[in-house]
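File shown here: query_14.txt, holding compact mmCIF, C-alpha atoms and all ligand atoms.
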# COMPACT_ATOMS: atom_id res chain seq x y z
CA MET A 16 109.94 104.61 133.59
CA LYS A 17 112.79 105.43 135.98
CA LEU A 18 113.38 102.24 137.89
CA SER A 19 115.44 101.24 140.90
CA LYS A 20 119.17 101.21 140.13
CA LYS A 21 119.70 98.60 142.81
CA ILE A 22 117.17 96.18 141.33
CA SER A 23 118.20 96.86 137.73
CA GLN A 24 121.81 96.06 138.61
CA ILE A 25 120.95 92.57 139.84
CA GLU A 26 121.97 90.25 137.04
CA ALA A 27 119.22 88.27 135.34
CA SER A 28 119.29 84.53 135.97
CA ASP A 29 121.79 82.48 133.93
CA LEU A 30 119.21 79.69 133.80
CA ALA A 31 116.70 82.02 132.15
CA LYS A 32 119.42 82.95 129.65
CA VAL A 33 120.04 79.29 128.75
CA SER A 34 116.29 78.61 128.49
CA ARG A 35 115.97 81.61 126.12
CA MET A 36 118.87 80.33 124.03
CA ALA A 37 117.27 76.87 123.96
CA LYS A 38 114.10 78.39 122.50
CA GLU A 39 116.07 79.60 119.45
CA TYR A 40 117.22 76.03 118.80
CA GLU A 41 113.74 74.63 119.40
CA ALA A 42 112.36 77.15 116.90
CA ARG A 43 114.80 75.61 114.39
CA GLY A 44 113.25 72.21 115.05
CA ILE A 45 115.95 70.81 117.36
CA LYS A 46 114.49 68.77 120.22
CA VAL A 47 116.21 70.08 123.35
CA ILE A 48 116.42 68.05 126.56
CA HIS A 49 116.19 70.57 129.38
CA LEU A 50 118.72 69.65 132.04
CA GLU A 51 119.38 73.26 133.09
CA ARG A 52 116.47 73.61 135.54
CA GLY A 53 116.05 72.20 139.03
CA GLU A 54 112.40 71.23 138.81
CA PRO A 55 111.21 67.74 139.80
CA ASP A 56 109.51 65.98 136.89
CA PHE A 57 107.23 64.10 139.32
CA ASP A 58 103.72 65.29 140.06
CA MET A 59 102.76 66.21 143.61
CA PRO A 60 101.12 63.23 145.35
CA ARG A 61 97.36 63.36 144.75
CA PHE A 62 96.33 63.14 148.41
CA ILE A 63 97.99 66.52 149.03
CA ALA A 64 95.96 68.13 146.24
CA GLU A 65 92.77 66.55 147.62
CA SER A 66 93.36 67.92 151.12
CA ILE A 67 94.03 71.42 149.72
CA TYR A 68 90.83 71.24 147.67
CA ARG A 69 88.82 70.10 150.72
CA ALA A 70 90.34 72.91 152.83
CA MET A 71 89.13 75.50 150.32
CA LEU A 72 85.64 74.00 150.24
CA ASP A 73 85.67 74.04 154.05
CA GLY A 74 86.20 77.80 153.99
CA LYS A 75 89.94 78.02 154.67
CA THR A 76 90.06 81.08 152.47
CA HIS A 77 90.58 83.85 155.02
CA TYR A 78 93.77 85.61 156.10
CA PRO A 79 95.99 82.98 157.70
CA PRO A 80 97.80 83.56 161.02
CA LEU A 81 101.09 85.32 160.19
CA GLN A 82 103.41 82.81 161.84
CA GLY A 83 101.51 79.89 160.30
CA GLU A 84 98.52 77.61 160.93
CA LYS A 85 98.67 76.09 164.42
CA THR A 86 98.24 72.48 163.24
CA LEU A 87 101.07 72.86 160.74
CA LEU A 88 103.39 74.52 163.27
CA GLU A 89 102.72 71.68 165.70
CA ALA A 90 103.27 69.00 163.07
CA LEU A 91 106.53 70.70 162.02
CA ALA A 92 107.79 71.01 165.59
CA GLU A 93 107.33 67.25 165.90
CA LYS A 94 108.98 66.66 162.50
CA VAL A 95 112.09 68.73 163.22
CA ARG A 96 112.47 67.19 166.68
CA LYS A 97 112.13 63.59 165.45
CA LYS A 98 113.70 63.76 162.01
CA ASN A 99 116.29 66.52 162.38
CA GLY A 100 117.04 66.29 166.10
CA ILE A 101 116.39 70.03 166.53
CA GLU A 102 114.92 70.85 169.96
CA ALA A 103 112.38 73.27 168.51
CA GLY A 104 108.91 74.19 169.72
CA VAL A 105 106.14 75.95 167.84
CA GLU A 106 107.67 79.31 168.82
CA ASN A 107 110.83 78.41 166.87
CA ILE A 108 109.04 78.00 163.52
CA ALA A 109 107.56 80.33 160.90
CA ILE A 110 105.90 79.30 157.64
CA VAL A 111 107.18 80.96 154.45
CA LEU A 112 106.35 80.96 150.77
CA GLY A 113 108.98 78.38 149.73
CA GLY A 114 112.73 78.21 150.19
CA MET A 115 113.51 81.33 148.16
CA HIS A 116 111.17 83.49 150.25
CA GLY A 117 112.39 81.84 153.45
CA LEU A 118 116.01 82.70 152.72
CA TYR A 119 115.09 86.26 151.77
CA VAL A 120 113.04 86.70 154.96
CA ALA A 121 115.91 85.26 157.01
CA LEU A 122 118.58 87.47 155.43
CA ARG A 123 116.43 90.61 155.68
CA THR A 124 115.63 89.88 159.33
CA ILE A 125 119.30 89.32 160.22
CA LEU A 126 121.39 91.69 158.08
CA ASP A 127 122.11 95.39 158.29
CA PRO A 128 123.56 97.20 155.25
CA GLY A 129 127.17 96.22 154.65
CA ASP A 130 127.06 93.01 156.70
CA GLU A 131 128.89 90.16 155.05
CA VAL A 132 127.67 86.62 154.45
CA LEU A 133 130.27 83.92 153.95
CA VAL A 134 129.06 81.61 151.17
CA PHE A 135 130.72 78.27 150.44
CA THR A 136 131.29 77.49 146.77
CA PRO A 137 129.92 76.19 144.51
CA TYR A 138 126.69 77.77 145.77
CA TRP A 139 123.03 77.75 144.77
CA LEU A 140 122.94 80.54 142.22
CA SER A 141 120.16 82.64 143.76
CA ILE A 142 121.75 83.07 147.18
CA SER A 143 124.18 85.80 146.09
CA LYS A 144 121.24 87.76 144.60
CA LEU A 145 119.17 87.33 147.78
CA ILE A 146 122.07 88.58 149.90
CA GLY A 147 122.35 91.63 147.61
CA LEU A 148 118.60 92.27 147.86
CA ALA A 149 118.94 92.18 151.65
CA ASP A 150 121.72 94.85 151.44
CA GLY A 151 124.43 92.40 152.44
CA SER A 152 127.64 91.53 150.65
CA CYS A 153 129.16 88.12 149.97
CA SER A 154 132.52 86.59 150.62
CA PHE A 155 133.26 83.16 149.19
CA MET A 156 135.19 80.09 150.24
CA PRO A 157 135.63 76.87 148.20
CA PHE A 158 134.24 73.97 150.19
CA TYR A 159 131.96 71.37 148.62
CA ILE A 160 134.27 70.13 145.83
CA PRO A 161 137.40 69.72 148.04
CA LEU A 162 135.09 68.00 150.54
CA MET A 163 133.83 65.53 147.92
CA GLU A 164 137.32 64.99 146.53
CA GLY A 165 138.40 64.04 150.04
CA TRP A 166 141.39 66.37 150.50
CA LEU A 167 139.92 68.88 152.95
CA SER A 168 140.27 67.80 156.57
CA GLU A 169 138.14 69.28 159.35
CA THR A 170 141.26 71.06 160.66
CA ASP A 171 142.00 72.58 157.22
CA PHE A 172 138.35 73.59 156.97
CA GLU A 173 138.56 75.44 160.30
CA LYS A 174 141.82 77.10 159.23
CA GLN A 175 140.27 78.30 155.99
CA LEU A 176 137.26 79.62 157.87
CA ASP A 177 139.60 81.64 160.09
CA GLU A 178 141.32 83.08 157.03
CA THR A 179 138.03 83.98 155.30
CA ILE A 180 135.97 85.38 158.19
CA THR A 181 136.35 89.18 158.44
CA PRO A 182 135.18 91.64 161.09
CA ARG A 183 132.16 92.33 158.85
CA THR A 184 131.09 88.67 158.59
CA ARG A 185 127.75 88.13 160.37
CA VAL A 186 126.41 84.98 158.75
CA ILE A 187 127.76 81.75 157.25
CA TYR A 188 125.49 80.19 154.61
CA VAL A 189 125.77 76.42 154.30
CA ASN A 190 123.70 74.26 151.97
CA THR A 191 123.48 70.51 152.49
CA PRO A 192 122.77 68.49 150.39
CA ASN A 193 124.40 71.04 148.11
CA ASN A 194 123.08 72.38 144.85
CA PRO A 195 124.99 72.13 142.45
CA SER A 196 127.70 69.66 143.59
CA GLY A 197 125.51 67.08 145.34
CA ALA A 198 127.80 67.13 148.40
CA VAL A 199 126.21 66.01 151.67
CA VAL A 200 128.18 67.73 154.44
CA PRO A 201 129.20 65.18 157.11
CA ARG A 202 128.38 65.80 160.73
CA SER A 203 132.07 66.27 161.69
CA TYR A 204 132.40 69.29 159.33
CA LEU A 205 129.17 70.79 160.62
CA GLU A 206 130.50 70.36 164.15
CA ALA A 207 133.68 72.18 163.10
CA LEU A 208 131.55 74.93 161.55
CA ALA A 209 129.48 75.19 164.73
CA ARG A 210 132.65 75.55 166.84
CA LYS A 211 133.84 78.37 164.61
CA ALA A 212 130.43 80.08 164.65
CA VAL A 213 130.44 80.06 168.46
CA GLU A 214 134.07 81.21 168.68
CA ARG A 215 133.54 84.10 166.22
CA ASP A 216 129.97 84.85 167.36
CA LEU A 217 128.40 84.23 163.94
CA ILE A 218 124.96 83.17 162.76
CA VAL A 219 124.59 80.09 160.57
CA LEU A 220 122.03 80.08 157.80
CA SER A 221 121.48 76.44 156.90
CA ASP A 222 119.67 75.70 153.65
CA GLU A 223 118.31 72.16 153.80
CA ALA A 224 115.94 72.23 150.82
CA TYR A 225 117.20 68.79 149.68
CA GLU A 226 117.24 67.09 153.11
CA ASP A 227 115.23 64.12 151.79
CA ILE A 228 117.31 63.45 148.68
CA VAL A 229 120.38 61.65 150.01
CA PHE A 230 122.10 58.59 148.51
CA ASP A 231 124.17 55.54 149.47
CA ASN A 232 125.24 55.58 153.09
CA HIS A 233 125.38 59.37 153.37
CA ARG A 234 123.25 60.92 156.10
CA HIS A 235 121.68 64.34 156.23
CA PHE A 236 122.62 66.20 159.40
CA SER A 237 121.11 69.45 160.66
CA ILE A 238 123.67 71.78 162.26
CA SER A 239 120.91 73.23 164.45
CA SER A 240 120.66 69.88 166.28
CA ILE A 241 124.10 70.45 167.87
CA PRO A 242 123.52 71.50 171.50
CA GLY A 243 123.39 75.31 171.73
CA MET A 244 123.24 75.87 167.95
CA LEU A 245 119.50 76.54 167.69
CA ASP A 246 120.27 79.89 169.36
CA ARG A 247 122.50 80.96 166.47
CA THR A 248 121.15 79.02 163.49
CA VAL A 249 118.32 79.70 161.09
CA THR A 250 117.42 76.60 159.08
CA CYS A 251 115.42 76.96 155.90
CA PHE A 252 113.39 73.90 154.88
CA ALA A 253 111.05 73.62 151.89
CA PHE A 254 108.30 71.26 150.78
CA SER A 255 109.23 71.95 147.14
CA LYS A 256 111.69 69.16 146.39
CA SER A 257 110.72 66.54 149.01
CA TYR A 258 107.10 66.36 147.83
CA ALA A 259 107.52 67.65 144.23
CA MET A 260 105.35 70.63 145.11
CA THR A 261 107.49 73.45 143.71
CA GLY A 262 104.41 75.23 142.35
CA LEU A 263 102.68 75.48 145.71
CA ARG A 264 105.44 77.59 147.26
CA LEU A 265 105.75 76.35 150.81
CA GLY A 266 108.64 76.28 153.24
CA TYR A 267 109.48 77.03 156.86
CA LEU A 268 112.17 78.63 158.95
CA VAL A 269 113.42 77.16 162.21
CA GLY A 270 115.38 79.47 164.49
CA PRO A 271 115.63 81.23 167.82
CA LYS A 272 112.38 82.70 169.19
CA ASP A 273 113.40 86.37 168.84
CA PHE A 274 114.35 85.80 165.19
CA ILE A 275 111.09 83.95 164.42
CA GLN A 276 108.99 86.63 166.11
CA LEU A 277 110.65 89.47 164.16
CA ALA A 278 110.54 87.48 160.90
CA TRP A 279 106.78 86.89 160.93
CA SER A 280 105.66 90.11 162.61
CA ARG A 281 107.61 92.29 160.13
CA MET A 282 108.92 90.49 157.08
CA ILE A 283 106.05 88.05 156.54
CA LEU A 284 103.44 90.65 157.40
CA TYR A 285 104.87 93.23 155.01
CA THR A 286 105.80 90.93 152.14
CA THR A 287 103.08 88.29 151.81
CA ASN A 288 100.73 88.96 154.75
CA GLY A 289 100.67 85.25 155.53
CA ILE A 290 101.00 82.08 153.50
CA PRO A 291 97.95 80.57 151.69
CA ALA A 292 95.95 78.65 154.32
CA PRO A 293 94.78 75.70 152.14
CA ILE A 294 98.39 74.95 151.15
CA GLN A 295 99.28 74.75 154.83
CA VAL A 296 96.51 72.18 155.30
CA GLY A 297 98.01 70.21 152.40
CA ALA A 298 101.39 70.40 154.11
CA VAL A 299 99.99 68.76 157.26
CA ALA A 300 98.68 65.91 155.09
CA ALA A 301 102.08 65.67 153.37
CA LEU A 302 103.85 65.38 156.73
CA ARG A 303 101.41 62.71 157.95
CA GLN A 304 101.22 60.53 154.86
CA GLY A 305 104.05 61.52 152.52
CA ASP A 306 106.97 59.35 153.63
CA LYS A 307 106.35 56.63 151.02
CA ASP A 308 106.30 59.25 148.24
CA ILE A 309 109.49 60.88 149.48
CA GLU A 310 111.22 57.49 149.41
CA ARG A 311 109.81 56.60 145.97
CA MET A 312 111.20 59.80 144.45
CA ARG A 313 114.51 59.57 146.34
CA ARG A 314 115.05 56.09 144.96
CA ALA A 315 114.28 57.26 141.43
CA TYR A 316 116.80 60.13 141.73
CA GLU A 317 119.40 57.66 142.97
CA GLU A 318 118.84 55.26 140.07
CA ARG A 319 119.04 58.13 137.60
CA ARG A 320 122.24 59.39 139.19
CA ASP A 321 123.81 55.93 138.92
CA ILE A 322 123.05 55.51 135.23
CA PHE A 323 123.58 59.12 134.20
CA VAL A 324 126.98 59.46 135.90
CA GLN A 325 128.06 56.14 134.39
CA GLU A 326 127.07 57.37 130.90
CA LEU A 327 128.58 60.86 131.40
CA ARG A 328 131.89 59.39 132.53
CA LYS A 329 132.19 57.76 129.11
CA VAL A 330 132.30 61.21 127.47
CA LYS A 331 135.90 62.01 126.56
CA GLY A 332 137.20 65.05 128.45
CA LEU A 333 134.31 65.34 130.90
CA ARG A 334 134.99 64.84 134.63
CA THR A 335 132.28 64.36 137.24
CA LEU A 336 132.17 63.69 140.95
CA MET A 337 129.59 61.24 142.28
CA PRO A 338 126.73 63.27 143.82
CA GLN A 339 125.86 62.19 147.35
CA GLY A 340 122.47 63.89 147.36
CA ALA A 341 120.14 66.42 145.63
CA PHE A 342 119.35 65.98 141.93
CA TYR A 343 122.26 67.52 140.04
CA VAL A 344 125.50 66.43 138.48
CA PHE A 345 128.27 69.06 138.44
CA ALA A 346 130.89 68.37 135.80
CA ASP A 347 134.26 69.82 134.88
CA VAL A 348 134.20 70.37 131.11
CA SER A 349 137.24 72.68 130.88
CA ALA A 350 138.98 70.11 128.64
CA LEU A 351 136.15 70.52 126.12
CA LEU A 352 136.23 74.33 125.89
CA ASN A 353 138.95 74.50 123.19
CA GLY A 354 139.70 78.13 123.99
CA GLY A 355 136.04 79.15 123.74
CA SER A 356 133.77 80.36 126.53
CA ILE A 357 131.30 78.23 128.45
CA TYR A 358 128.49 79.88 126.48
CA ASP A 359 130.16 78.71 123.22
CA LEU A 360 130.05 75.21 124.67
CA ILE A 361 126.45 75.62 125.76
CA ARG A 362 125.50 76.64 122.19
CA ASP A 363 127.42 73.67 120.87
CA TRP A 364 125.49 71.34 123.19
CA LEU A 365 122.16 72.94 122.27
CA GLU A 366 123.00 72.06 118.68
CA VAL A 367 122.95 68.37 119.76
CA GLY A 368 119.85 68.94 121.92
CA VAL A 369 121.25 69.25 125.46
CA ALA A 370 120.62 72.30 127.70
CA VAL A 371 122.71 72.71 130.87
CA ALA A 372 123.47 75.48 133.36
CA PRO A 373 126.86 77.28 133.12
CA GLY A 374 129.17 76.66 136.08
CA MET A 375 130.08 80.29 136.74
CA ALA A 376 126.50 80.86 137.91
CA PHE A 377 127.58 78.81 140.97
CA GLY A 378 130.89 80.58 141.66
CA ALA A 379 133.53 82.45 139.64
CA GLU A 380 136.04 79.58 139.85
CA TYR A 381 133.64 77.20 138.06
CA ALA A 382 133.81 78.92 134.67
CA GLY A 383 134.84 75.58 133.14
CA TRP A 384 132.02 73.55 134.73
CA VAL A 385 128.39 72.85 133.92
CA ARG A 386 125.45 71.60 135.97
CA PHE A 387 123.09 68.91 134.76
CA SER A 388 119.79 68.35 136.55
CA THR A 389 118.70 64.73 136.97
CA ALA A 390 115.09 65.75 137.62
CA SER A 391 114.25 64.42 134.14
CA SER A 392 113.27 60.96 132.95
CA MET A 393 115.90 58.22 132.68
CA GLU A 394 115.26 58.10 128.95
CA GLU A 395 116.02 61.80 128.52
CA LEU A 396 119.14 61.56 130.67
CA VAL A 397 120.53 58.63 128.72
CA THR A 398 119.69 60.29 125.39
CA ALA A 399 121.49 63.47 126.50
CA ALA A 400 124.60 61.59 127.69
CA ARG A 401 124.71 59.56 124.45
CA ALA A 402 124.46 62.77 122.38
CA LEU A 403 127.56 64.07 124.21
CA GLN A 404 129.36 60.74 123.74
CA LYS A 405 128.68 61.03 120.02
CA ARG A 406 129.86 64.66 119.94
CA TYR A 407 133.16 64.10 121.81
CA GLY A 408 133.85 60.38 121.54
CA THR A 409 134.02 57.89 124.40
CA ASN A 410 136.69 56.67 126.80
CA ILE A 411 135.79 53.03 126.21
C1 LIG B 1 119.66 75.04 147.50
C2 LIG B 1 118.31 75.61 147.27
N1 LIG B 1 117.74 76.34 148.23
C3 LIG B 1 116.52 76.88 148.09
C4 LIG B 1 115.81 76.71 146.93
C5 LIG B 1 114.47 77.37 146.80
O1 LIG B 1 113.47 76.48 146.94
P1 LIG B 1 111.94 76.86 146.63
O2 LIG B 1 111.64 76.25 145.30
O3 LIG B 1 111.19 76.23 147.75
O4 LIG B 1 111.83 78.34 146.63
C6 LIG B 1 116.35 75.96 145.89
C7 LIG B 1 115.61 75.79 144.63
O5 LIG B 1 116.06 75.31 143.65
C8 LIG B 1 117.63 75.40 146.06
O6 LIG B 1 118.20 74.68 145.08
Please express the file's structure as structure tokens.
Amino acid sequence: MKLSKKISQIEASDLAKVSRMAKEYEARGIKVIHLERGEPDFDMPRFIAESIYRAMLDGKTHYPPLQGEKTLLEALAEKVRKKNGIEAGVENIAIVLGGMHGLYVALRTILDPGDEVLVFTPYWLSISKLIGLADGSCSFMPFYIPLMEGWLSETDFEKQLDETITPRTRVIYVNTPNNPSGAVVPRSYLEALARKAVERDLIVLSDEAYEDIVFDNHRHFSISSIPGMLDRTVTCFAFSKSYAMTGLRLGYLVGPKDFIQLAWSRMILYTTNGIPAPIQVGAVAALRQGDKDIERMRRAYEERRDIFVQELRKVKGLRTLMPQGAFYVFADVSALLNGGSIYDLIRDWLEVGVAVAPGMAFGAEYAGWVRFSTASSMEELVTAARALQKRYGTNI
């Protein structure tokens, strides 16, 4: 069949490639620990499932309102006002089918062909594909690693923004807490970004999928809470990671009224024709009763991070930064490449039963890095780190 050139040219996911490679090793009887995927290993809290089930029995099986169920929109308006400090009303919110769909809807609603989106690196691997699907192009700027390493001041950040923004730039995509680095962007940098967005008349697309997974004394801050920024910011939130409900596909966009109206009346109508109504009922229950579960999982991710980073740092030649949020560890393994490619290293690690994501999926300059997910049990994480210690030797 003759298929779309545009779609065929979009590269397949690097994660899918690693998972396929892992299958070859598993077929040979090697037990592989899958640290390449970003999927919580927790189950969704049971009360959410029960409320979804009850909603279906109660007949919530008809076309849902396109913008979203009224009770959910109201509960979310309260949530974003109280928790994120965003002065949003119901008219500033639209329900979407998870973070991925939300970002696609946002980009499609904002961009015209040829518009450029400035993406900070390392970035969540799907964003460049979504920008391409929405007929935009990407420009890149290193941000999260210099930020975590502590050598990028707010002034330098603003200078770099000035150097990277072009006349075609329409949107700046920021992701905090960041996948893959685990950086949590401090308020002062988001204020600097907001100043630049106002000065250069740009839109900010803020991806806050991991807002609830933040460690130590770091604080999640929503750029849209800065006075005036709701008018030029679209924030994409998702239920996926906070409530371990990746399979239910639920998220929401918060933005200016005209954006929200166009997003649901065109993009949501003509892509999904609404978002499953029973899941939206479950989301209301999650917002009302889910705080304890969020905290339980957050604490578990923090404990895993502590132990896993400690064990990984014993591996000779591997360098990691301490993640401040999300559930990944991004590590510089260039000293372990020995002239080979990152895929040679990935094969080597599969041989000892460890699957990871290759760094270049998160930005060209990270060809010598890998991403581990800590959304696996402590036992698996420790076993994986020990396998690498055995393979390369330890620093102790
Ligand atoms: C940074 C980031 N944004 C958005 C998403 C998409 O989330 P969802 O699973 O809700 O589509 C992910 C998923 O891994 C992510 O890591």
Next item on the list: Dump the neighbourhood of ligand LIG 1 (chain B) as a ChimeraX atom specification: all residues within 8 Å, distances computed on all atoms listed in the file.
Entry: /A:53-54,112-118,138-139,141-142,190-195,222-225,251-256,261-262,264-266
Checklist line | Distance query range 301-318 of chain A at most 9 Å, only C-alpha atoms, self and fewer than 4 positions along chain excluded, as number ranges by chain | finding: A: 57, 60, 62-63, 87, 90-91, 94, 227-231, 254, 257-259, 296-297, 322-323, 340-342, 389-390, 393
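Nearest residue to Glu366 in chain A among A:Ile275, A:Ile45, A:Ala382, A:Leu148 is A:Ile45, counting all atoms listed in the file.
One distance worth recording is that between CA of Tyr358 in chain A and CA of Gly332 in chain A, which is 17.3 Å.
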Item checked: Spatial neighbours of Thr398 in chain A, 10 Å, only C-alpha atoms, chain gap at least 4 places, as a PyMOL selection string -> chain A and resi 48+323+326+368-369+392-394+402-404
Selected residues written out with C-alpha atoms, as a compact mmCIF listing (two decimals), keeping the file's coordinate frame:
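Writing done, so here's out.txt:
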# COMPACT_ATOMS: atom_id res chain seq x y z
CA ILE A 48 116.42 68.05 126.56
CA PHE A 323 123.58 59.12 134.20
CA GLU A 326 127.07 57.37 130.90
CA GLY A 368 119.85 68.94 121.92
CA VAL A 369 121.25 69.25 125.46
CA SER A 392 113.27 60.96 132.95
CA MET A 393 115.90 58.22 132.68
CA GLU A 394 115.26 58.10 128.95
CA ALA A 402 124.46 62.77 122.38
CA LEU A 403 127.56 64.07 124.21
CA GLN A 404 129.36 60.74 123.74
Check: Using all atoms listed in the file, which residue out of A:Pro201, A:Gly408, A:Gly243, A:Gly354 lies closest to Gln339 in chain A?
Finding: A:Pro201
Item checked: Atom pair CA of Leu365 in chain A / CA of Ser34 in chain A: separation (Å) -> 10.3 Å
Note to self: Please compute the CA of Val371 in chain A-CA of Leu351 in chain A distance, one decimal, in Å.
What the structure shows: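 Answer for the CA of Val371 in chain A to CA of Leu351 in chain A separation: 14.4 Å.
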Notebook entry, point to check: Which of these residues is nearest to Ala198 in chain A, using all atoms listed in the file: A:Pro291, A:Gly378, A:Pro338, A:Pro80?
Noted result: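 Once distances to Ala198 in chain A are computed over all atoms listed in the file, the minimum belongs to A:Pro338.
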Checklist line | Nearest-residue call for Ala121 in chain A, choices A:Ala109, A:Ile294, A:Arg210, A:Asn410, using all atoms listed in the file | finding: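 Smallest separation from Ala121 in chain A among the options: A:Ala109.
Residues lying within 9 Å of Gly83 in chain A, counting all atoms listed in the file and ignoring same-chain neighbours fewer than 4 positions away, are Pro79, Leu87, Leu88, Ile108, Ala109, Ile110, Val111, Trp279, Gly289, Ile290, Ala292 and Gln295 of chain A.
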Those residues with C-alpha atoms, as a PDB file, in the frame of the given file please?
ATOM      1  CA  PRO A  79      95.990  82.980 157.700  1.00  0.00           C
ATOM      2  CA  LEU A  87     101.070  72.860 160.740  1.00  0.00           C
ATOM      3  CA  LEU A  88     103.390  74.520 163.270  1.00  0.00           C
ATOM      4  CA  ILE A 108     109.040  78.000 163.520  1.00  0.00           C
ATOM      5  CA  ALA A 109     107.560  80.330 160.900  1.00  0.00           C
ATOM      6  CA  ILE A 110     105.900  79.300 157.640  1.00  0.00           C
ATOM      7  CA  VAL A 111     107.180  80.960 154.450  1.00  0.00           C
ATOM      8  CA  TRP A 279     106.780  86.890 160.930  1.00  0.00           C
ATOM      9  CA  GLY A 289     100.670  85.250 155.530  1.00  0.00           C
ATOM     10  CA  ILE A 290     101.000  82.080 153.500  1.00  0.00           C
ATOM     11  CA  ALA A 292      95.950  78.650 154.320  1.00  0.00           C
ATOM     12  CA  GLN A 295      99.280  74.750 154.830  1.00  0.00           C
TER      13      GLN A 295
END
Taking all atoms of range 304-318 of chain A that the file lists and extending 4 Å past them on each side, where is the centre of the axis-aligned box and how long are its edges? Answer in Å to one decimal, as AutoDock Vina command-line options.
--center_x 110.3 --center_y 58.4 --center_z 147.5 --size_x 26.2 --size_y 14.3 --size_z 22.8
Notebook entry, point to check: Using all atoms listed in the file, which of the listed residues (A:Gln175, A:Thr170, A:Ser66, A:Ser240) sits closest to Ala103 in chain A?
Noted result: A:Ser240
Got a minute to add all heavy atoms to range 128-133 of chain A and dump it as an mmCIF file, in the frame of the given file?
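Heads up, here's the output in out21.cif:
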data_model
loop_
_atom_site.group_PDB
_atom_site.id
_atom_site.type_symbol
_atom_site.label_atom_id
_atom_site.label_comp_id
_atom_site.auth_asym_id
_atom_site.auth_seq_id
_atom_site.Cartn_x
_atom_site.Cartn_y
_atom_site.Cartn_z
ATOM 1 N N PRO A 128 122.777 96.895 156.455
ATOM 2 C CA PRO A 128 123.560 97.200 155.250
ATOM 3 C C PRO A 128 125.060 97.056 155.509
ATOM 4 O O PRO A 128 125.572 97.501 156.531
ATOM 5 C CB PRO A 128 123.182 98.667 154.961
ATOM 6 C CG PRO A 128 121.810 98.812 155.538
ATOM 7 C CD PRO A 128 121.785 97.940 156.758
ATOM 8 N N GLY A 129 125.715 96.383 154.565
ATOM 9 C CA GLY A 129 127.170 96.220 154.650
ATOM 10 C C GLY A 129 127.606 94.942 155.358
ATOM 11 O O GLY A 129 128.767 94.547 155.284
ATOM 12 N N ASP A 130 126.688 94.271 156.052
ATOM 13 C CA ASP A 130 127.060 93.010 156.700
ATOM 14 C C ASP A 130 127.438 91.991 155.635
ATOM 15 O O ASP A 130 126.866 91.970 154.543
ATOM 16 C CB ASP A 130 125.886 92.451 157.528
ATOM 17 C CG ASP A 130 125.664 93.215 158.815
ATOM 18 O OD1 ASP A 130 126.554 93.981 159.209
ATOM 19 O OD2 ASP A 130 124.584 93.037 159.414
ATOM 20 N N GLU A 131 128.381 91.127 156.024
ATOM 21 C CA GLU A 131 128.890 90.160 155.050
ATOM 22 C C GLU A 131 128.373 88.751 155.357
ATOM 23 O O GLU A 131 128.278 88.378 156.524
ATOM 24 C CB GLU A 131 130.405 90.162 155.178
ATOM 25 C CG GLU A 131 131.158 89.861 153.925
ATOM 26 C CD GLU A 131 132.649 90.128 154.161
ATOM 27 O OE1 GLU A 131 133.296 89.301 154.828
ATOM 28 O OE2 GLU A 131 133.121 91.181 153.692
ATOM 29 N N VAL A 132 128.068 88.027 154.302
ATOM 30 C CA VAL A 132 127.670 86.620 154.450
ATOM 31 C C VAL A 132 128.740 85.771 153.783
ATOM 32 O O VAL A 132 129.080 85.990 152.616
ATOM 33 C CB VAL A 132 126.304 86.355 153.779
ATOM 34 C CG1 VAL A 132 125.902 84.889 153.942
ATOM 35 C CG2 VAL A 132 125.226 87.280 154.351
ATOM 36 N N LEU A 133 129.277 84.834 154.521
ATOM 37 C CA LEU A 133 130.270 83.920 153.950
ATOM 38 C C LEU A 133 129.514 82.770 153.283
ATOM 39 O O LEU A 133 128.725 82.066 153.926
ATOM 40 C CB LEU A 133 131.206 83.416 155.059
ATOM 41 C CG LEU A 133 132.161 82.279 154.706
ATOM 42 C CD1 LEU A 133 132.975 82.569 153.458
ATOM 43 C CD2 LEU A 133 133.104 82.019 155.872
#
